Amino acid sequence: MAGFRALARDVRNPRRHITARRTSLRKCLERFAPYGHRATWHHLCSRAGIALEDRHPEPTRLITALEELEEARALWLGYEADFAARRRREKHHGIRQPSAVDDWHLHTWGGCDILPCESPSAHPDGRLAEVLARLIRAMESGPASSCPVCAQDRLAWHDDLGRYPWEGPVCGDCGIVVPVPVLTAEALAAVRHTRSGRAAHPARPAAAPVRHHRRYATV
């Protein structure tokens, strides 16, 4: 199975047919897809000006999409290298239990589904590297009450995401599933009072019982 770098070389190879180069770019997303495969593909196509089902895109547009993906991957792999080095130091000093952020990060190792999007067409607008840089800063600065990507607080709890994480807070502005460890306990408590984007309403007083009048058949 070809790795990311080999697939990237195939995307750049002018001797290959353009459809094969497009296929290689899609296969790159099997190795690195921060928003999940479909949402990352939608994001790259939107920014590079490629129609989603275009089997013969312009080569320059494919390269533009690949370069954005490579930039983000380099940033994330650098973060993972720092993460691994820090964990080795902590274990050397007897700190075996990972933090909540570290535990979350283990599920995203390699760069797939770092910030999964509930809808493939709803994702952050900025470059992938910029979005991941915001997430890294949020993880390093500690829990907050808003989305680490767009800084908005329009979050709603979804319990039917269909993949890992099976449930979690979804940002109503940029569309990402926000990692639970980057939110404060108070923010999480507030988000859990929502379901699928609809805020929970306070309990209403019970309605007065309805009196049913018995009707008798007439002969």
# chains A, B, ... in the order shown; residues from 1 in each chain; ligands from 1
>>> residues_around(residues="A:Cys28", least_positions_apart="2", cutoff="8 Å", atoms="only C-alpha atoms", output="list of chain:residue names")
A:Gly3, A:Phe4, A:Leu7, A:Ala8, A:Ser24, A:Leu25, A:Arg26, A:Glu30, A:Arg31, A:Phe32
>>> closest_atom_pairs(of="stretch 87-196 of chain A", to="stretch 72-75 of chain A", cutoff="9 Å", atoms="only C-alpha atoms", output="tab-separated table")
residue	atom	partner	partner_atom	distance
A:Gly110	CA	A:Arg73	CA	8.9
A:Gly111	CA	A:Arg73	CA	7.3
A:Arg127	CA	A:Ala72	CA	8.2
A:Leu128	CA	A:Ala72	CA	5.5
A:Ala129	CA	A:Ala72	CA	4.1
A:Glu130	CA	A:Ala72	CA	7.9
A:Val131	CA	A:Ala72	CA	8.7
A:Leu132	CA	A:Ala72	CA	7.2
A:Ala133	CA	A:Leu75	CA	7.7
>>> write_last_selection(atoms="N, CA and C atoms", output="PDB file, in the first residue's frame")
ATOM      1  N   GLY A 110      -1.946  10.217  13.493  1.00  0.00           N
ATOM      2  CA  GLY A 110      -1.750  10.077  12.061  1.00  0.00           C
ATOM      3  C   GLY A 110      -2.477  11.131  11.263  1.00  0.00           C
ATOM      4  N   GLY A 111      -3.499  11.747  11.853  1.00  0.00           N
ATOM      5  CA  GLY A 111      -4.140  12.869  11.188  1.00  0.00           C
ATOM      6  C   GLY A 111      -5.475  12.613  10.530  1.00  0.00           C
ATOM      7  N   ARG A 127      -7.590  27.881   5.555  1.00  0.00           N
ATOM      8  CA  ARG A 127      -6.679  26.816   5.145  1.00  0.00           C
ATOM      9  C   ARG A 127      -6.574  25.773   6.249  1.00  0.00           C
ATOM     10  N   LEU A 128      -6.361  24.538   5.861  1.00  0.00           N
ATOM     11  CA  LEU A 128      -6.286  23.450   6.838  1.00  0.00           C
ATOM     12  C   LEU A 128      -5.217  23.713   7.891  1.00  0.00           C
ATOM     13  N   ALA A 129      -4.055  24.208   7.459  1.00  0.00           N
ATOM     14  CA  ALA A 129      -2.965  24.452   8.411  1.00  0.00           C
ATOM     15  C   ALA A 129      -3.353  25.522   9.422  1.00  0.00           C
ATOM     16  N   GLU A 130      -4.070  26.544   8.985  1.00  0.00           N
ATOM     17  CA  GLU A 130      -4.503  27.607   9.902  1.00  0.00           C
ATOM     18  C   GLU A 130      -5.474  27.057  10.943  1.00  0.00           C
ATOM     19  N   VAL A 131      -6.381  26.205  10.495  1.00  0.00           N
ATOM     20  CA  VAL A 131      -7.370  25.627  11.412  1.00  0.00           C
ATOM     21  C   VAL A 131      -6.687  24.720  12.434  1.00  0.00           C
ATOM     22  N   LEU A 132      -5.760  23.886  11.976  1.00  0.00           N
ATOM     23  CA  LEU A 132      -5.060  22.992  12.898  1.00  0.00           C
ATOM     24  C   LEU A 132      -4.187  23.782  13.865  1.00  0.00           C
ATOM     25  N   ALA A 133      -3.610  24.882  13.405  1.00  0.00           N
ATOM     26  CA  ALA A 133      -2.806  25.713  14.301  1.00  0.00           C
ATOM     27  C   ALA A 133      -3.670  26.287  15.422  1.00  0.00           C
TER      28      ALA A 133
END
>>> atom_distance(atom1="atom CA of A:Pro34", atom2="atom CA of A:Arg154")
21.4 Å
>>> closest_residue(among="A:Phe83, A:His158, A:Gly126, A:Cys171", to="A:Trp109", atoms="only C-alpha atoms")
A:Phe83
>>> closest_residue(among="A:Leu161, A:Cys117, A:Ile18, A:Val191", to="A:Ser145", atoms="only C-alpha atoms")
A:Val191
>>> closest_residue(among="A:His56, A:Arg134, A:Arg61, A:Lys91", to="A:Ala151", atoms="only C-alpha atoms")
A:Arg134
>>> residues_around(residues="A:Ala33", least_positions_apart="5", cutoff="7 Å", atoms="only C-alpha atoms", output="list in words")
Thr40, Gly111, Cys112 and Asp113 of chain A
>>> residues_around(residues="stretch 44-55 of chain A", least_positions_apart="5", cutoff="10 Å", atoms="only C-alpha atoms", output="list in words")
Ile18, Thr19, Ala20, Arg21, Arg22, Thr23, Ala39, Thr60, Arg61, Leu62, Ile63, Thr64, Ala65, Leu66, Glu67, Glu68, Leu69, Ser121, Asp125, Gly126, Arg127 and Leu128 of chain A
>>> write_last_selection(atoms="N, CA and C atoms", output="CSV table (one decimal), in the first residue's frame")
chain,number,residue,atom,x,y,z
A,18,ILE,N,-4.7,12.4,-16.0
A,18,ILE,CA,-5.3,13.3,-15.0
A,18,ILE,C,-6.3,12.6,-14.1
A,19,THR,N,-7.0,11.6,-14.6
A,19,THR,CA,-7.9,10.9,-13.7
A,19,THR,C,-7.2,10.1,-12.6
A,20,ALA,N,-6.0,9.5,-13.0
A,20,ALA,CA,-5.2,8.7,-12.1
A,20,ALA,C,-4.6,9.6,-11.1
A,21,ARG,N,-4.2,10.8,-11.5
A,21,ARG,CA,-3.7,11.8,-10.5
A,21,ARG,C,-4.7,12.2,-9.5
A,22,ARG,N,-6.0,12.4,-10.0
A,22,ARG,CA,-7.1,12.8,-9.1
A,22,ARG,C,-7.3,11.7,-8.1
A,23,THR,N,-7.3,10.4,-8.6
A,23,THR,CA,-7.5,9.3,-7.7
A,23,THR,C,-6.4,9.2,-6.6
A,39,ALA,N,-15.5,15.3,4.1
A,39,ALA,CA,-15.5,16.7,4.3
A,39,ALA,C,-14.1,17.3,3.9
A,60,THR,N,-3.2,22.1,-12.4
A,60,THR,CA,-2.7,23.1,-11.5
A,60,THR,C,-3.7,23.2,-10.3
A,61,ARG,N,-4.9,22.9,-10.5
A,61,ARG,CA,-5.9,22.9,-9.3
A,61,ARG,C,-5.6,21.7,-8.4
A,62,LEU,N,-5.3,20.5,-9.0
A,62,LEU,CA,-4.9,19.4,-8.2
A,62,LEU,C,-3.7,19.7,-7.3
A,63,ILE,N,-2.7,20.3,-7.9
A,63,ILE,CA,-1.5,20.6,-7.2
A,63,ILE,C,-1.8,21.6,-6.1
A,64,THR,N,-2.7,22.6,-6.3
A,64,THR,CA,-3.1,23.6,-5.3
A,64,THR,C,-3.7,22.8,-4.1
A,65,ALA,N,-4.6,21.9,-4.4
A,65,ALA,CA,-5.2,21.1,-3.3
A,65,ALA,C,-4.2,20.3,-2.6
A,66,LEU,N,-3.3,19.7,-3.3
A,66,LEU,CA,-2.3,18.8,-2.7
A,66,LEU,C,-1.4,19.6,-1.8
A,67,GLU,N,-1.0,20.8,-2.2
A,67,GLU,CA,-0.1,21.6,-1.4
A,67,GLU,C,-0.7,22.1,-0.1
A,68,GLU,N,-2.0,22.4,-0.2
A,68,GLU,CA,-2.7,22.7,1.1
A,68,GLU,C,-2.7,21.5,2.1
A,69,LEU,N,-3.0,20.4,1.5
A,69,LEU,CA,-3.0,19.2,2.3
A,69,LEU,C,-1.6,18.9,2.9
A,121,SER,N,-20.3,18.9,3.7
A,121,SER,CA,-20.3,20.2,3.1
A,121,SER,C,-20.2,21.4,4.1
A,125,ASP,N,-13.7,27.5,6.9
A,125,ASP,CA,-13.4,28.2,5.6
A,125,ASP,C,-11.9,28.3,5.4
A,126,GLY,N,-11.1,28.5,6.4
A,126,GLY,CA,-9.7,28.8,6.3
A,126,GLY,C,-8.9,27.6,5.8
A,127,ARG,N,-7.6,27.9,5.6
A,127,ARG,CA,-6.7,26.8,5.1
A,127,ARG,C,-6.6,25.8,6.2
A,128,LEU,N,-6.4,24.5,5.9
A,128,LEU,CA,-6.3,23.5,6.8
A,128,LEU,C,-5.2,23.7,7.9
>>> atom_distance(atom1="atom CA of A:His43", atom2="atom CA of A:Ala122")
8.7 Å
>>> residues_around(residues="A:Pro165", least_positions_apart="4", cutoff="9 Å", atoms="only C-alpha atoms", output="ChimeraX atom specification")
/A:116,161,177,179
>>> write_last_selection(atoms="C-alpha atoms", output="short mmCIF file (atom, residue, chain, number, x, y, z; two decimals), in the first residue's frame")
data_model
loop_
_atom_site.label_atom_id
_atom_site.label_comp_id
_atom_site.auth_asym_id
_atom_site.auth_seq_id
_atom_site.Cartn_x
_atom_site.Cartn_y
_atom_site.Cartn_z
CA PRO A 116 -14.52 15.57 12.02
CA LEU A 161 -22.65 11.16 14.80
CA VAL A 177 -17.09 18.23 16.24
CA PRO A 179 -12.89 17.92 21.08
#
>>> select_by_dssp(residues="chain A", states="strand (DSSP E)", output="MDAnalysis selection string")
chainID A and resid 155:158 168:171 194:195 198:199
>>> write_last_selection(atoms="all heavy atoms", output="CSV table (one decimal), in the first residue's frame")
chain,number,residue,atom,x,y,z
A,155,LEU,N,-22.8,26.1,20.2
A,155,LEU,CA,-22.5,24.6,20.2
A,155,LEU,C,-23.7,23.9,20.6
A,155,LEU,O,-24.5,24.3,21.4
A,155,LEU,CB,-21.4,24.3,21.2
A,155,LEU,CG,-20.1,25.1,21.1
A,155,LEU,CD1,-19.1,24.7,22.2
A,155,LEU,CD2,-19.4,24.9,19.7
A,156,ALA,N,-23.9,22.7,20.1
A,156,ALA,CA,-25.0,21.8,20.4
A,156,ALA,C,-24.5,20.4,20.5
A,156,ALA,O,-23.6,20.0,19.7
A,156,ALA,CB,-26.1,21.9,19.3
A,157,TRP,N,-25.1,19.6,21.4
A,157,TRP,CA,-24.7,18.3,21.6
A,157,TRP,C,-25.4,17.3,20.6
A,157,TRP,O,-26.6,17.4,20.5
A,157,TRP,CB,-25.0,17.8,23.0
A,157,TRP,CG,-24.3,16.5,23.4
A,157,TRP,CD1,-24.9,15.3,23.2
A,157,TRP,CD2,-23.0,16.3,23.9
A,157,TRP,NE1,-24.0,14.3,23.6
A,157,TRP,CE2,-22.9,14.9,24.0
A,157,TRP,CE3,-22.0,17.2,24.2
A,157,TRP,CZ2,-21.7,14.3,24.5
A,157,TRP,CZ3,-20.8,16.6,24.7
A,157,TRP,CH2,-20.7,15.2,24.9
A,158,HIS,N,-24.6,16.5,19.9
A,158,HIS,CA,-25.1,15.5,19.0
A,158,HIS,C,-24.8,14.1,19.5
A,158,HIS,O,-23.6,13.9,19.8
A,158,HIS,CB,-24.6,15.7,17.6
A,158,HIS,CG,-25.1,17.0,16.9
A,158,HIS,ND1,-25.8,17.0,15.7
A,158,HIS,CD2,-25.1,18.3,17.3
A,158,HIS,CE1,-26.1,18.2,15.4
A,158,HIS,NE2,-25.7,19.0,16.3
A,168,GLY,N,-20.9,14.2,20.7
A,168,GLY,CA,-20.1,15.3,21.1
A,168,GLY,C,-20.7,16.6,20.7
A,168,GLY,O,-21.7,16.7,20.1
A,169,PRO,N,-20.0,17.7,21.1
A,169,PRO,CA,-20.4,19.1,20.8
A,169,PRO,C,-20.1,19.4,19.4
A,169,PRO,O,-19.0,19.3,18.9
A,169,PRO,CB,-19.7,19.9,21.8
A,169,PRO,CG,-18.5,19.2,22.1
A,169,PRO,CD,-18.8,17.7,22.0
A,170,VAL,N,-21.1,19.9,18.6
A,170,VAL,CA,-20.9,20.3,17.2
A,170,VAL,C,-21.0,21.8,17.1
A,170,VAL,O,-22.0,22.4,17.7
A,170,VAL,CB,-21.9,19.6,16.3
A,170,VAL,CG1,-21.7,20.2,14.9
A,170,VAL,CG2,-21.6,18.1,16.3
A,171,CYS,N,-20.1,22.5,16.5
A,171,CYS,CA,-20.2,23.9,16.3
A,171,CYS,C,-21.2,24.3,15.2
A,171,CYS,O,-21.0,23.8,14.1
A,171,CYS,CB,-18.8,24.5,16.0
A,171,CYS,SG,-18.8,26.3,15.7
A,194,THR,N,-28.5,20.6,25.1
A,194,THR,CA,-29.0,20.8,23.7
A,194,THR,C,-28.9,19.4,23.0
A,194,THR,O,-28.1,18.6,23.4
A,194,THR,CB,-28.1,21.8,22.9
A,194,THR,OG1,-26.8,21.3,22.7
A,194,THR,CG2,-28.1,23.1,23.6
A,195,ARG,N,-29.7,19.3,22.0
A,195,ARG,CA,-29.7,18.0,21.2
A,195,ARG,C,-29.8,18.4,19.8
A,195,ARG,O,-30.8,19.1,19.4
A,195,ARG,CB,-30.8,17.1,21.7
A,195,ARG,CG,-30.5,16.3,23.0
A,195,ARG,CD,-29.3,15.4,22.8
A,195,ARG,NE,-29.1,14.6,24.0
A,195,ARG,CZ,-28.3,15.0,25.0
A,195,ARG,NH1,-27.7,16.2,24.9
A,195,ARG,NH2,-28.2,14.2,26.1
A,198,ARG,N,-30.8,22.0,18.7
A,198,ARG,CA,-32.0,22.6,19.3
A,198,ARG,C,-31.9,22.7,20.8
A,198,ARG,O,-31.7,21.8,21.5
A,198,ARG,CB,-33.3,21.7,19.0
A,198,ARG,CG,-34.6,22.3,19.5
A,198,ARG,CD,-35.7,21.5,19.0
A,198,ARG,NE,-35.8,21.5,17.5
A,198,ARG,CZ,-36.7,20.7,16.9
A,198,ARG,NH1,-37.5,20.0,17.5
A,198,ARG,NH2,-36.7,20.7,15.5
A,199,ALA,N,-32.0,23.9,21.3
A,199,ALA,CA,-31.8,24.2,22.7
A,199,ALA,C,-32.9,23.5,23.5
A,199,ALA,O,-34.1,23.5,23.1
A,199,ALA,CB,-31.8,25.7,23.0
>>> select_by_dssp(residues="stretch 145-204 of chain A", states="alpha helix (DSSP H)", output="JSON, numbers by chain")
{"A": [185, 186, 187, 188, 189, 190, 191]}
>>> write_last_selection(atoms="all heavy atoms", output="compact mmCIF listing (two decimals), in the first residue's frame")
# COMPACT_ATOMS: atom_id res chain seq x y z
N ALA A 185 -15.71 22.55 31.98
CA ALA A 185 -16.81 21.74 32.52
C ALA A 185 -18.12 22.50 32.44
O ALA A 185 -19.17 21.92 32.15
CB ALA A 185 -16.50 21.36 33.97
N GLU A 186 -18.08 23.81 32.66
CA GLU A 186 -19.30 24.62 32.60
C GLU A 186 -19.85 24.68 31.17
O GLU A 186 -21.06 24.58 30.95
CB GLU A 186 -19.02 26.04 33.09
CG GLU A 186 -18.68 26.14 34.57
CD GLU A 186 -17.24 25.74 34.88
OE1 GLU A 186 -16.45 25.58 33.93
OE2 GLU A 186 -16.92 25.55 36.07
N ALA A 187 -18.94 24.83 30.19
CA ALA A 187 -19.38 24.88 28.80
C ALA A 187 -19.97 23.55 28.37
O ALA A 187 -21.00 23.50 27.69
CB ALA A 187 -18.21 25.26 27.89
N LEU A 188 -19.36 22.45 28.80
CA LEU A 188 -19.88 21.13 28.46
C LEU A 188 -21.25 20.90 29.07
O LEU A 188 -22.14 20.33 28.44
CB LEU A 188 -18.91 20.05 28.93
CG LEU A 188 -17.74 19.73 28.01
CD1 LEU A 188 -16.79 18.74 28.69
CD2 LEU A 188 -18.23 19.17 26.69
N ALA A 189 -21.41 21.34 30.32
CA ALA A 189 -22.70 21.17 30.98
C ALA A 189 -23.79 21.92 30.22
O ALA A 189 -24.91 21.43 30.05
CB ALA A 189 -22.62 21.67 32.42
N ALA A 190 -23.46 23.11 29.72
CA ALA A 190 -24.44 23.88 28.96
C ALA A 190 -24.73 23.22 27.62
O ALA A 190 -25.89 23.17 27.18
CB ALA A 190 -23.92 25.31 28.74
N VAL A 191 -23.69 22.71 26.97
CA VAL A 191 -23.88 22.09 25.65
C VAL A 191 -24.72 20.83 25.77
O VAL A 191 -25.54 20.53 24.88
CB VAL A 191 -22.51 21.77 25.02
CG1 VAL A 191 -22.69 20.95 23.74
CG2 VAL A 191 -21.76 23.04 24.71
>>> residues_around(residues="A:Ser141", least_positions_apart="3", cutoff="12 Å", atoms="only C-alpha atoms", output="list in words")
Val101, Arg134, Leu135, Ile136, Arg137, Ala138, Ala144, Pro148, Pro181, Val182, Leu183 and Thr184 of chain A
>>> atom_distance(atom1="atom CA of A:Arg86", atom2="atom CA of A:Val180")
21.4 Å
